[in-house]
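Shown next: model.txt, given as compact mmCIF, C-alpha atoms and all ligand atoms.
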# COMPACT_ATOMS: atom_id res chain seq x y z
CA MET A 492 -53.68 -37.95 -20.16
CA ASN A 493 -56.76 -40.07 -20.79
CA ALA A 494 -60.20 -38.67 -20.05
CA ALA A 495 -61.10 -40.97 -17.12
CA LEU A 496 -57.79 -40.27 -15.45
CA THR A 497 -58.27 -36.55 -15.91
CA GLU A 498 -61.72 -36.77 -14.33
CA ALA A 499 -60.38 -38.66 -11.30
CA GLU A 500 -57.51 -36.22 -10.97
CA ARG A 501 -59.87 -33.26 -11.17
CA ALA A 502 -62.04 -34.74 -8.41
CA ARG A 503 -58.95 -35.21 -6.25
CA ILE A 504 -57.85 -31.60 -6.77
CA LEU A 505 -61.30 -30.27 -5.89
CA ALA A 506 -61.52 -32.47 -2.78
CA LYS A 507 -58.15 -31.20 -1.63
CA ALA A 508 -59.20 -27.60 -2.19
CA ALA A 509 -62.12 -28.18 0.19
CA LEU A 510 -59.65 -29.03 2.98
CA PHE A 511 -58.30 -25.51 2.76
CA ALA A 512 -61.73 -23.92 2.64
CA PRO A 513 -62.15 -20.31 3.77
CA PRO A 514 -64.24 -19.50 6.85
CA ASP A 515 -67.99 -19.10 6.65
CA ALA A 516 -69.35 -15.82 5.30
CA THR A 517 -71.24 -15.00 8.50
CA LEU A 518 -70.02 -12.01 10.51
CA PRO A 519 -69.40 -12.29 14.26
CA ASP A 520 -72.65 -10.39 14.86
CA GLY A 521 -74.57 -13.03 12.89
CA ARG A 522 -75.17 -10.97 9.74
CA ARG A 523 -74.56 -12.65 6.38
CA ASP A 524 -72.18 -11.04 3.91
CA LEU A 525 -73.92 -10.67 0.56
CA VAL A 526 -70.72 -10.17 -1.40
CA GLY A 527 -69.65 -13.37 -3.11
CA LEU A 528 -73.13 -14.91 -3.40
CA SER A 529 -74.19 -15.92 -6.89
CA ARG A 530 -77.41 -14.37 -8.24
CA GLU A 531 -79.26 -17.59 -7.36
CA GLU A 532 -77.90 -17.60 -3.81
CA LEU A 533 -78.78 -13.93 -3.36
CA THR A 534 -82.30 -14.59 -4.63
CA ALA A 535 -82.62 -17.47 -2.15
CA GLU A 536 -81.39 -15.34 0.79
CA LEU A 537 -84.01 -12.72 -0.03
CA ALA A 538 -86.74 -15.30 -0.50
CA GLY A 539 -85.89 -16.39 3.05
CA ILE A 540 -87.16 -13.02 4.32
CA GLY A 541 -90.17 -13.05 2.00
CA GLU A 542 -88.74 -10.84 -0.75
CA LYS A 543 -89.42 -11.44 -4.45
CA PRO A 544 -86.69 -12.17 -7.04
CA PHE A 545 -86.69 -8.61 -8.43
CA ARG A 546 -85.17 -7.48 -5.12
CA ALA A 547 -82.12 -9.60 -5.86
CA LYS A 548 -81.77 -7.79 -9.18
CA GLN A 549 -81.99 -4.43 -7.40
CA LEU A 550 -79.45 -5.41 -4.76
CA TRP A 551 -77.10 -6.81 -7.37
CA HIS A 552 -77.17 -3.45 -9.12
CA TRP A 553 -76.43 -1.55 -5.91
CA ILE A 554 -73.67 -3.88 -4.78
CA TYR A 555 -71.82 -4.52 -8.04
CA HIS A 556 -72.77 -1.68 -10.33
CA GLN A 557 -72.96 1.20 -7.86
CA GLY A 558 -70.46 -0.20 -5.37
CA VAL A 559 -72.63 0.77 -2.41
CA THR A 560 -71.80 -0.78 0.97
CA ASP A 561 -74.57 0.89 2.99
CA PHE A 562 -78.18 -0.23 2.60
CA ALA A 563 -79.34 3.30 3.52
CA ARG A 564 -77.96 4.53 0.19
CA MET A 565 -80.16 2.19 -1.86
CA SER A 566 -82.68 4.78 -2.93
CA SER A 567 -84.89 2.39 -4.90
CA ILE A 568 -85.60 0.42 -1.72
CA ALA A 569 -88.06 1.68 0.90
CA ARG A 570 -86.64 2.65 4.28
CA PRO A 571 -88.24 -0.15 6.36
CA LEU A 572 -86.81 -2.79 4.03
CA GLN A 573 -83.41 -1.06 4.05
CA GLN A 574 -83.41 -1.36 7.83
CA ASN A 575 -84.53 -4.97 7.74
CA LEU A 576 -81.74 -5.79 5.29
CA ALA A 577 -79.14 -3.98 7.39
CA GLU A 578 -80.09 -6.04 10.43
CA ARG A 579 -79.58 -9.34 8.65
CA PHE A 580 -76.99 -8.69 5.99
CA ALA A 581 -73.74 -6.84 5.33
CA ILE A 582 -71.90 -5.78 2.18
CA GLY A 583 -68.32 -6.42 3.17
CA ARG A 584 -64.87 -5.47 2.03
CA PRO A 585 -61.55 -6.89 3.17
CA GLU A 586 -59.77 -4.46 5.47
CA ALA A 587 -56.71 -2.74 3.97
CA ALA A 588 -54.14 -3.36 6.72
CA LEU A 589 -51.37 -1.67 4.74
CA VAL A 590 -51.22 0.29 1.49
CA GLN A 591 -47.88 1.10 -0.13
CA THR A 592 -47.32 3.13 -3.27
CA SER A 593 -44.19 2.59 -5.35
CA ALA A 594 -42.12 5.33 -6.97
CA ASP A 595 -43.62 4.11 -10.29
CA ALA A 596 -47.20 4.50 -8.91
CA THR A 597 -47.76 0.75 -8.52
CA ARG A 598 -49.81 0.28 -5.37
CA LYS A 599 -49.78 -2.75 -3.12
CA PHE A 600 -52.63 -3.50 -0.73
CA LEU A 601 -52.24 -5.90 2.15
CA PHE A 602 -55.77 -7.10 2.80
CA ARG A 603 -56.77 -8.64 6.11
CA PHE A 604 -59.73 -10.99 6.13
CA ARG A 605 -62.14 -11.73 8.93
CA ASP A 606 -60.11 -14.58 10.39
CA GLY A 607 -56.99 -12.41 10.44
CA GLN A 608 -55.39 -14.08 7.40
CA GLU A 609 -53.84 -11.76 4.84
CA ALA A 610 -53.15 -11.61 1.12
CA GLU A 611 -51.73 -9.00 -1.21
CA THR A 612 -53.28 -7.28 -4.22
CA VAL A 613 -51.36 -5.01 -6.58
CA TYR A 614 -52.61 -2.27 -8.88
CA ILE A 615 -50.25 -1.65 -11.78
CA PRO A 616 -51.16 1.52 -13.67
CA ASP A 617 -50.25 1.84 -17.34
CA PRO A 618 -47.33 4.29 -17.54
CA VAL A 619 -48.98 6.28 -20.32
CA GLU A 620 -52.73 5.79 -20.43
CA ASP A 621 -55.38 6.01 -17.75
CA ARG A 622 -55.80 2.29 -17.32
CA GLY A 623 -54.14 -0.52 -15.43
CA ALA A 624 -54.13 -4.10 -14.22
CA VAL A 625 -55.21 -5.42 -10.87
CA CYS A 626 -53.17 -8.41 -9.77
CA ILE A 627 -55.31 -10.58 -7.52
CA SER A 628 -54.37 -13.35 -5.08
CA SER A 629 -56.23 -16.65 -5.00
CA GLN A 630 -54.70 -18.28 -1.91
CA VAL A 631 -52.93 -17.34 1.31
CA GLY A 632 -49.52 -18.82 0.51
CA CYS A 633 -49.11 -21.58 -2.06
CA THR A 634 -48.67 -25.36 -1.93
CA LEU A 635 -46.25 -25.31 -4.82
CA SER A 636 -42.74 -24.22 -4.13
CA CYS A 637 -41.33 -22.84 -7.35
CA ARG A 638 -37.71 -22.13 -6.57
CA PHE A 639 -37.65 -18.51 -7.71
CA CYS A 640 -40.92 -17.41 -6.08
CA HIS A 641 -41.23 -15.65 -2.75
CA THR A 642 -44.84 -16.77 -2.26
CA GLY A 643 -43.59 -20.33 -2.65
CA THR A 644 -41.60 -20.01 0.58
CA GLN A 645 -44.84 -19.54 2.46
CA THR A 646 -46.73 -22.79 3.00
CA LEU A 647 -50.39 -22.79 2.02
CA VAL A 648 -52.55 -21.50 4.80
CA ARG A 649 -55.88 -21.61 3.03
CA ASN A 650 -57.82 -20.87 -0.08
CA LEU A 651 -59.48 -17.51 -0.47
CA GLY A 652 -63.26 -17.49 -0.59
CA VAL A 653 -65.41 -15.98 -3.33
CA ALA A 654 -66.08 -12.82 -1.30
CA GLU A 655 -62.38 -12.43 -0.58
CA ILE A 656 -61.42 -12.72 -4.25
CA VAL A 657 -64.17 -10.39 -5.52
CA GLY A 658 -63.53 -8.18 -2.47
CA GLN A 659 -59.90 -7.53 -3.46
CA PHE A 660 -61.08 -6.04 -6.74
CA MET A 661 -63.96 -4.09 -5.17
CA ALA A 662 -61.75 -2.65 -2.43
CA ALA A 663 -59.18 -1.59 -5.03
CA ARG A 664 -62.00 0.09 -6.98
CA ASP A 665 -63.03 1.86 -3.76
CA ALA A 666 -59.49 3.17 -3.38
CA TYR A 667 -59.55 4.68 -6.86
CA GLY A 668 -63.17 5.83 -6.61
CA GLU A 669 -64.17 3.82 -9.69
CA TRP A 670 -67.91 3.45 -9.04
CA PRO A 671 -70.40 3.10 -10.59
CA SER A 672 -68.94 0.40 -12.86
CA PRO A 673 -68.13 1.92 -16.26
CA LYS A 674 -70.36 0.44 -18.98
CA GLY A 675 -69.45 -1.02 -22.35
CA GLU A 676 -66.33 0.45 -23.87
CA THR A 677 -66.09 3.33 -21.40
CA PRO A 678 -62.43 3.45 -20.31
CA ARG A 679 -61.71 2.02 -16.90
CA LEU A 680 -58.85 2.85 -14.63
CA LEU A 681 -58.88 -0.69 -13.24
CA SER A 682 -59.28 -2.15 -16.69
CA THR A 683 -57.92 -5.70 -16.47
CA ILE A 684 -57.54 -8.45 -13.91
CA VAL A 685 -54.58 -10.77 -13.77
CA LEU A 686 -54.83 -13.76 -11.45
CA MET A 687 -51.11 -13.63 -10.81
CA GLY A 688 -50.91 -12.73 -7.15
CA MET A 689 -50.31 -15.19 -4.35
CA GLY A 690 -51.32 -18.78 -4.91
CA GLU A 691 -52.21 -21.18 -7.69
CA PRO A 692 -55.69 -20.26 -8.97
CA LEU A 693 -56.36 -23.70 -10.43
CA TYR A 694 -55.90 -25.27 -6.99
CA ASN A 695 -58.77 -23.08 -5.79
CA TYR A 696 -60.79 -23.44 -8.93
CA GLU A 697 -64.36 -23.36 -7.58
CA ASN A 698 -63.93 -20.11 -5.67
CA VAL A 699 -61.94 -18.45 -8.44
CA ALA A 700 -64.55 -19.47 -11.02
CA ARG A 701 -67.45 -18.16 -8.95
CA ALA A 702 -65.63 -14.91 -8.27
CA MET A 703 -64.87 -14.35 -11.95
CA THR A 704 -68.49 -15.16 -12.86
CA ILE A 705 -69.63 -12.38 -10.52
CA ILE A 706 -67.07 -9.94 -11.89
CA MET A 707 -68.07 -10.72 -15.49
CA ASP A 708 -71.84 -10.39 -14.85
CA ASN A 709 -73.24 -7.79 -17.25
CA GLU A 710 -75.48 -6.09 -14.73
CA GLY A 711 -72.71 -5.54 -12.22
CA ILE A 712 -68.99 -4.98 -12.59
CA ALA A 713 -69.28 -6.30 -16.16
CA LEU A 714 -65.63 -6.85 -16.88
CA SER A 715 -65.29 -8.86 -20.09
CA ARG A 716 -63.60 -12.27 -19.96
CA ARG A 717 -61.17 -10.89 -22.52
CA ARG A 718 -59.89 -8.56 -19.82
CA ILE A 719 -59.20 -11.33 -17.34
CA THR A 720 -56.06 -13.49 -17.43
CA LEU A 721 -55.58 -16.56 -15.29
CA SER A 722 -51.99 -17.60 -14.70
CA THR A 723 -51.20 -21.20 -13.84
CA SER A 724 -48.02 -23.08 -13.12
CA GLY A 725 -49.58 -25.93 -15.13
CA VAL A 726 -52.38 -27.78 -13.34
CA VAL A 727 -53.21 -29.65 -16.54
CA PRO A 728 -56.51 -31.35 -15.56
CA MET A 729 -58.05 -28.03 -14.55
CA MET A 730 -56.95 -26.08 -17.61
CA ASP A 731 -59.59 -27.61 -19.89
CA ARG A 732 -62.29 -26.91 -17.37
CA ALA A 733 -61.25 -23.29 -16.89
CA GLY A 734 -61.22 -22.83 -20.65
CA ALA A 735 -64.64 -24.35 -21.18
CA GLU A 736 -66.40 -22.75 -18.22
CA LEU A 737 -64.78 -19.33 -17.89
CA GLY A 738 -63.16 -18.64 -21.25
CA VAL A 739 -60.73 -16.17 -19.73
CA ASN A 740 -57.26 -15.60 -21.18
CA LEU A 741 -54.67 -18.14 -20.17
CA ALA A 742 -51.11 -17.51 -19.05
CA VAL A 743 -48.83 -20.47 -18.44
CA SER A 744 -45.71 -20.26 -16.29
CA LEU A 745 -43.31 -22.27 -18.39
CA HIS A 746 -39.83 -21.09 -17.33
CA ALA A 747 -37.90 -24.06 -18.76
CA VAL A 748 -37.87 -26.15 -21.93
CA THR A 749 -36.65 -29.50 -20.57
CA ASP A 750 -38.38 -31.63 -17.96
CA GLU A 751 -35.08 -31.96 -16.16
CA LEU A 752 -34.80 -28.24 -15.47
CA ARG A 753 -38.52 -27.59 -15.09
CA ASN A 754 -38.75 -30.36 -12.48
CA GLU A 755 -36.27 -28.32 -10.46
CA LEU A 756 -37.72 -24.85 -11.00
CA VAL A 757 -41.42 -25.72 -10.99
CA PRO A 758 -41.75 -28.96 -9.00
CA LEU A 759 -45.34 -29.42 -10.23
CA ASN A 760 -43.73 -30.46 -13.51
CA ARG A 761 -43.00 -33.88 -12.00
CA LYS A 762 -46.74 -34.44 -11.98
CA TYR A 763 -47.66 -32.72 -15.24
CA PRO A 764 -44.61 -32.71 -17.49
CA ILE A 765 -43.99 -30.29 -20.34
CA ALA A 766 -45.49 -32.47 -23.11
CA GLU A 767 -48.82 -32.72 -21.25
CA LEU A 768 -48.78 -29.03 -20.44
CA ILE A 769 -48.17 -28.02 -24.03
CA ALA A 770 -50.89 -30.43 -25.23
CA ALA A 771 -53.34 -28.74 -22.83
CA CYS A 772 -52.34 -25.35 -24.26
CA ARG A 773 -52.93 -26.59 -27.81
CA ARG A 774 -56.47 -27.60 -26.99
CA TYR A 775 -57.28 -24.56 -24.81
CA PRO A 776 -60.64 -23.33 -26.10
CA GLY A 777 -60.81 -19.93 -27.69
CA ALA A 778 -57.08 -19.59 -28.31
CA SER A 779 -56.62 -17.71 -31.57
CA ASN A 780 -54.41 -15.03 -33.01
CA ALA A 781 -56.75 -12.47 -31.50
CA ARG A 782 -56.61 -14.23 -28.13
CA ARG A 783 -53.19 -15.66 -27.69
CA ILE A 784 -51.94 -17.83 -24.87
CA THR A 785 -49.23 -16.13 -22.87
CA PHE A 786 -46.17 -18.13 -21.90
CA GLU A 787 -44.40 -16.64 -18.92
CA TYR A 788 -40.70 -17.19 -18.72
CA VAL A 789 -38.71 -15.87 -15.78
CA MET A 790 -35.21 -15.08 -17.00
CA LEU A 791 -32.67 -16.52 -14.56
CA ARG A 792 -29.03 -15.76 -15.22
CA GLY A 793 -27.11 -18.77 -16.48
CA VAL A 794 -30.00 -21.10 -15.61
CA ASN A 795 -32.58 -20.93 -18.43
CA ASP A 796 -31.57 -17.94 -20.55
CA SER A 797 -29.34 -19.27 -23.36
CA GLU A 798 -30.04 -18.84 -27.07
CA ALA A 799 -30.21 -22.63 -27.44
CA GLU A 800 -33.05 -22.64 -24.91
CA ALA A 801 -34.79 -19.86 -26.82
CA ARG A 802 -34.62 -22.01 -29.98
CA ALA A 803 -35.97 -25.02 -28.08
CA LEU A 804 -38.76 -22.85 -26.73
CA VAL A 805 -39.99 -21.80 -30.17
CA ARG A 806 -39.92 -25.41 -31.36
CA LEU A 807 -41.96 -26.43 -28.34
CA ILE A 808 -44.72 -23.87 -28.86
CA ALA A 809 -44.70 -23.91 -32.68
CA GLY A 810 -48.23 -23.58 -34.04
CA ILE A 811 -49.81 -22.32 -30.80
CA PRO A 812 -51.28 -18.80 -31.06
CA ALA A 813 -49.03 -17.46 -28.36
CA LYS A 814 -46.83 -14.71 -27.06
CA VAL A 815 -43.94 -15.07 -24.67
CA ASN A 816 -43.61 -12.73 -21.71
CA LEU A 817 -40.00 -12.55 -20.66
CA ILE A 818 -39.99 -11.64 -17.00
CA PRO A 819 -36.78 -10.31 -15.49
CA PHE A 820 -36.25 -12.20 -12.25
CA ASN A 821 -37.29 -10.10 -9.27
CA PRO A 822 -35.05 -10.79 -6.30
CA TRP A 823 -36.39 -11.10 -2.76
CA PRO A 824 -34.65 -11.49 0.58
CA GLY A 825 -32.86 -14.85 0.54
CA SER A 826 -33.41 -15.72 -3.13
CA ARG A 827 -30.54 -17.56 -4.75
CA PHE A 828 -31.02 -16.59 -8.40
CA GLU A 829 -29.81 -13.57 -10.30
CA PRO A 830 -31.57 -11.72 -13.09
CA SER A 831 -30.31 -12.33 -16.63
CA THR A 832 -28.10 -9.72 -18.18
CA ARG A 833 -29.62 -7.24 -20.62
CA THR A 834 -27.67 -8.87 -23.45
CA ALA A 835 -28.98 -12.34 -22.63
CA LEU A 836 -32.52 -10.97 -22.43
CA ASP A 837 -32.22 -9.22 -25.79
CA ARG A 838 -30.70 -12.27 -27.52
CA PHE A 839 -33.35 -14.57 -26.13
CA ALA A 840 -36.12 -12.16 -27.17
CA ALA A 841 -34.64 -11.84 -30.68
CA VAL A 842 -34.77 -15.62 -31.26
CA VAL A 843 -38.38 -15.79 -30.10
CA MET A 844 -39.39 -12.82 -32.23
CA ASP A 845 -37.62 -14.19 -35.29
CA ALA A 846 -39.85 -17.23 -34.99
CA GLY A 847 -42.89 -14.97 -35.23
CA PHE A 848 -43.91 -14.69 -31.57
CA ALA A 849 -44.25 -11.41 -29.70
CA ALA A 850 -41.70 -11.47 -26.88
CA PRO A 851 -42.13 -8.41 -24.69
CA VAL A 852 -39.66 -8.04 -21.85
CA ARG A 853 -41.83 -7.16 -18.93
CA THR A 854 -40.63 -4.06 -17.12
CA PRO A 855 -40.58 -4.86 -13.43
CA ARG A 856 -43.07 -2.71 -11.53
CA GLY A 857 -43.21 -1.90 -7.86
CA ARG A 858 -39.94 -3.64 -6.98
CA ASP A 859 -39.17 -1.02 -4.31
CA ILE A 860 -42.21 -2.13 -2.30
CA LEU A 861 -41.84 -5.88 -3.08
CA ALA A 862 -44.91 -5.71 -5.31
CA ALA A 863 -43.39 -7.16 -8.49
CA CYS A 864 -44.07 -10.67 -9.85
CA GLY A 865 -43.07 -13.35 -7.39
CA GLN A 866 -42.27 -10.96 -4.54
CA LEU A 867 -45.57 -11.22 -2.70
CA ARG A 868 -45.61 -12.91 0.65
CA THR A 869 -47.45 -12.32 3.90
CA GLN A 870 -46.43 -13.30 7.40
CA SER A 871 -48.97 -16.11 7.76
CA GLY A 872 -47.61 -19.65 7.86
CA ALA A 873 -44.09 -20.74 8.62
CA ALA A 874 -41.42 -20.35 6.00
CA SER A 875 -40.72 -23.70 4.39
CA PRO A 876 -37.42 -25.24 5.46
CA ARG A 877 -35.95 -25.71 1.97
CA PRO A 878 -33.00 -23.53 1.00
CA HIS A 879 -33.76 -20.87 -1.60
N1 LIG B 901 -49.32 -19.49 -9.30
C1 LIG B 901 -49.53 -18.92 -10.57
C2 LIG B 901 -49.83 -17.43 -10.52
C3 LIG B 901 -49.02 -16.60 -9.57
S1 LIG B 901 -47.31 -16.37 -9.93
C4 LIG B 901 -48.37 -19.19 -11.49
O1 LIG B 901 -47.36 -19.67 -11.01
O2 LIG B 901 -48.52 -18.95 -12.68
C5 LIG B 901 -47.34 -15.14 -11.24
C6 LIG B 901 -46.08 -15.15 -12.13
O3 LIG B 901 -44.94 -14.61 -11.45
C7 LIG B 901 -45.69 -16.54 -12.59
O4 LIG B 901 -45.38 -16.58 -13.94
C8 LIG B 901 -44.46 -16.78 -11.75
O5 LIG B 901 -43.69 -17.78 -12.29
C9 LIG B 901 -43.82 -15.42 -11.73
N2 LIG B 901 -42.79 -15.27 -10.70
C10 LIG B 901 -42.70 -15.92 -9.53
N3 LIG B 901 -41.61 -15.53 -8.85
C11 LIG B 901 -40.99 -14.60 -9.60
C12 LIG B 901 -39.81 -13.78 -9.41
N4 LIG B 901 -39.10 -13.85 -8.30
N5 LIG B 901 -39.49 -12.93 -10.39
C13 LIG B 901 -40.23 -12.82 -11.50
N6 LIG B 901 -41.36 -13.54 -11.72
C14 LIG B 901 -41.73 -14.43 -10.79
FE1 LIG B 902 -47.09 -20.81 -6.31
FE2 LIG B 902 -47.08 -19.52 -8.71
FE3 LIG B 902 -45.24 -18.95 -6.80
FE4 LIG B 902 -45.14 -21.30 -8.07
S1 LIG B 902 -44.86 -19.24 -9.00
S2 LIG B 902 -44.90 -20.98 -5.84
S3 LIG B 902 -47.31 -21.75 -8.33
S4 LIG B 902 -47.45 -18.61 -6.66
Let's see the structure in the file written out as structure tokens.
Ligand code: SAH
Ligand code: SF4
Amino acid sequence: MNAALTEAERARILAKAALFAPPDATLPDGRRDLVGLSREELTAELAGIGEKPFRAKQLWHWIYHQGVTDFARMSSIARPLQQNLAERFAIGRPEAALVQTSADATRKFLFRFRDGQEAETVYIPDPVEDRGAVCISSQVGCTLSCRFCHTGTQTLVRNLGVAEIVGQFMAARDAYGEWPSPKGETPRLLSTIVLMGMGEPLYNYENVARAMTIIMDNEGIALSRRRITLSTSGVVPMMDRAGAELGVNLAVSLHAVTDELRNELVPLNRKYPIAELIAACRRYPGASNARRITFEYVMLRGVNDSEAEARALVRLIAGIPAKVNLIPFNPWPGSRFEPSTRTALDRFAAVVMDAGFAAPVRTPRGRDILAACGQLRTQSGAASPRPH
């Protein structure tokens, strides 16, 4: 793709994202939610009530390091100012409308936002160590309709706002009592973020980028960019930008090695075919053996799981510092695919490993509560009419 075209395409994607903008951050009672504001915006809000910039630093610490939601608990701030702040501002969290815990301890939160829209967040604890991944949603529904994905049967309702994206992580931290934010190398229970929930994060780039910038800020939650992975179905023009501006880990939902099949499984491929996608992966900044790109490959029985396809896959990604996550297909009500057999999975993995790539088979987590990859879906929006 040439540079001018990419620029025009990027502008188009960002303009479209604005059409699905989240509601304003003002509460019904007129108070402004401070969660989701950048440091500069927070400083400006406080300047508006005559407060100096150091107040923004103090508030940032209370909100994102201490996790406080009540101004009265901000002991470094005098009582009259606490009261003044409480009259004008709020420190919000999405409401947990439903929390389900799987037999394997995976926990799914259904969060309801102020306009009643909902999205799901999943905490996946490590089976052995005291750490885990938080899987965050970026949109309510999704505009892309990948054939094997439950979220894809729900039409896009809207993008999530910065406060809603950061809020999913903060509310999950509330649930596990992980405040204040652990510093430096101190172990964290909620130790990584994967942007692999509902939606396509690169179709809501601005809000996702701002949210991750807040989460990475050293004086707050301070989660390193190395602990954040953004998963995309292949929005090529936005991949370079995400790499340059955020530098988080990249996961790419590949799922097929020919354009013919990928066009079917991941319809976005018709716009950004495999060759362009792989080229974008090759130039993704910061990719190295220490920070590999993850290729996600959902194993669908008899569809994309042959040894020949495994060989084609390793030829395709040759030379990219990469690993391949083989994801057993997670069924959902009405899905028309079946998971690959164990033998097919093992043979496929062996070919990929022989070529020198790690090829972990991802153990499905939280299937019993429909919390596994591709099973998330809320009631908002009509189901799309296509057959599954
Ligand atoms: N929209 C982004 C991120 C969310 S999907 C993307 O597509 O990458 C997160 C991952 O779950 C993707 O790799 C997706 O392909 C995979 N997935 C979707 N449906 C699935 C299913 N039914 N079983 C297993 N994995 C699935
Ligand atoms: Fe959307 Fe990702 Fe599901 Fe495709 S796999 S429909 S891009 S959420």
Return as JSON lines the residues of chain A lying at most 6 Å from ligand LIG 901 (chain B), together with the closest atom-to-atom pair for each and the distance in Å to one decimal, counting only C-alpha atoms and all ligand atoms, with rows in chain order and ascending residue number.
{"residue": "A:Phe639", "atom": "CA", "partner": "B:LIG901", "partner_atom": "N4", "distance": 4.9}
{"residue": "A:Cys640", "atom": "CA", "partner": "B:LIG901", "partner_atom": "N3", "distance": 3.4}
{"residue": "A:Met687", "atom": "CA", "partner": "B:LIG901", "partner_atom": "C3", "distance": 3.8}
{"residue": "A:Gly688", "atom": "CA", "partner": "B:LIG901", "partner_atom": "C3", "distance": 4.9}
{"residue": "A:Met689", "atom": "CA", "partner": "B:LIG901", "partner_atom": "C3", "distance": 5.6}
{"residue": "A:Gly690", "atom": "CA", "partner": "B:LIG901", "partner_atom": "N1", "distance": 4.9}
{"residue": "A:Glu691", "atom": "CA", "partner": "B:LIG901", "partner_atom": "N1", "distance": 3.7}
{"residue": "A:Ser722", "atom": "CA", "partner": "B:LIG901", "partner_atom": "O2", "distance": 4.2}
{"residue": "A:Thr723", "atom": "CA", "partner": "B:LIG901", "partner_atom": "O2", "distance": 3.7}
{"residue": "A:Ser724", "atom": "CA", "partner": "B:LIG901", "partner_atom": "O1", "distance": 4.1}
{"residue": "A:Val743", "atom": "CA", "partner": "B:LIG901", "partner_atom": "O2", "distance": 6.0}
{"residue": "A:Ser744", "atom": "CA", "partner": "B:LIG901", "partner_atom": "O4", "distance": 4.4}
{"residue": "A:Glu787", "atom": "CA", "partner": "B:LIG901", "partner_atom": "O4", "distance": 5.1}
{"residue": "A:Val789", "atom": "CA", "partner": "B:LIG901", "partner_atom": "N6", "distance": 5.4}
{"residue": "A:Ile818", "atom": "CA", "partner": "B:LIG901", "partner_atom": "C13", "distance": 5.6}
{"residue": "A:Pro819", "atom": "CA", "partner": "B:LIG901", "partner_atom": "C13", "distance": 5.8}
{"residue": "A:Phe820", "atom": "CA", "partner": "B:LIG901", "partner_atom": "N5", "distance": 3.8}
{"residue": "A:Asn821", "atom": "CA", "partner": "B:LIG901", "partner_atom": "N5", "distance": 3.8}
{"residue": "A:Pro822", "atom": "CA", "partner": "B:LIG901", "partner_atom": "N4", "distance": 5.5}
{"residue": "A:Cys864", "atom": "CA", "partner": "B:LIG901", "partner_atom": "O3", "distance": 4.3}
{"residue": "A:Gly865", "atom": "CA", "partner": "B:LIG901", "partner_atom": "N3", "distance": 3.0}
{"residue": "A:Gln866", "atom": "CA", "partner": "B:LIG901", "partner_atom": "N4", "distance": 5.7}
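Of the residues under consideration (A:Glu798, A:Glu710, A:Glu755, A:Glu697), A:Glu755 shows the shortest atom-to-atom contact distance to ligand LIG 902 (chain B) when counting all atoms listed in the file.
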Around all of ligand LIG 902 (chain B)'s listed atoms, make the axis-aligned box with 8 Å on each side and tell me centre and edge lengths in Å to one decimal, as lines of an AutoDock Vina configuration file.
center_x = -46.2
center_y = -20.2
center_z = -7.4
size_x = 18.6
size_y = 19.1
size_z = 19.2
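Non-sequential neighbours of Ala662 of chain A (distance at most 10 Å, separation of 6 or more positions within a chain, all atoms listed in the file) are Gly558, Gly583, Arg584, Pro585, Glu586, Ala587, Phe600, Phe602, Thr612, Glu655 and Gly668 of chain A.
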(message) Taking 2 positions as the minimum chain separation for residues in the same chain, which residues sit within 8 Å of segment 841-843 of chain A when counting all atoms listed in the file? Answer as a ChimeraX atom specification.
(response) /A:798,801-802,804-805,815,837-839,845-850
(message) Need to verify the contact set: Met790 of chain A, 10 Å, all atoms listed in the file, exclusion of same-chain residues closer than 3 positions in sequence. Can you return it as an MDAnalysis selection string?
(response) chainID A and resid 746:747 787 793:797 816:821 828:832 835:836 839 852
Take segment 742-747 of chain A from the preceding structure and save N, CA, C and O atoms as a PDB file, in the first residue's frame.
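Wrote it out as part.pdb, contents follow:
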ATOM      1  N   ALA A 742      -0.868  -8.908  18.221  1.00  0.00           N
ATOM      2  CA  ALA A 742      -1.365 -10.236  17.856  1.00  0.00           C
ATOM      3  C   ALA A 742      -2.221 -10.068  16.608  1.00  0.00           C
ATOM      4  O   ALA A 742      -2.999  -9.123  16.508  1.00  0.00           O
ATOM      5  N   VAL A 743      -2.022 -10.954  15.655  1.00  0.00           N
ATOM      6  CA  VAL A 743      -2.736 -10.841  14.384  1.00  0.00           C
ATOM      7  C   VAL A 743      -3.570 -12.103  14.169  1.00  0.00           C
ATOM      8  O   VAL A 743      -3.064 -13.223  14.249  1.00  0.00           O
ATOM      9  N   SER A 744      -4.844 -11.902  13.924  1.00  0.00           N
ATOM     10  CA  SER A 744      -5.763 -13.032  13.723  1.00  0.00           C
ATOM     11  C   SER A 744      -5.665 -13.485  12.275  1.00  0.00           C
ATOM     12  O   SER A 744      -6.310 -12.910  11.408  1.00  0.00           O
ATOM     13  N   LEU A 745      -4.861 -14.486  12.039  1.00  0.00           N
ATOM     14  CA  LEU A 745      -4.581 -14.901  10.663  1.00  0.00           C
ATOM     15  C   LEU A 745      -5.599 -15.938  10.174  1.00  0.00           C
ATOM     16  O   LEU A 745      -6.322 -15.692   9.219  1.00  0.00           O
ATOM     17  N   HIS A 746      -5.627 -17.081  10.786  1.00  0.00           N
ATOM     18  CA  HIS A 746      -6.661 -18.106  10.581  1.00  0.00           C
ATOM     19  C   HIS A 746      -6.701 -18.807   9.226  1.00  0.00           C
ATOM     20  O   HIS A 746      -7.429 -19.792   9.073  1.00  0.00           O
ATOM     21  N   ALA A 747      -6.002 -18.301   8.228  1.00  0.00           N
ATOM     22  CA  ALA A 747      -5.991 -18.974   6.925  1.00  0.00           C
ATOM     23  C   ALA A 747      -4.736 -18.540   6.178  1.00  0.00           C
ATOM     24  O   ALA A 747      -4.207 -17.456   6.443  1.00  0.00           O
TER      25      ALA A 747
END
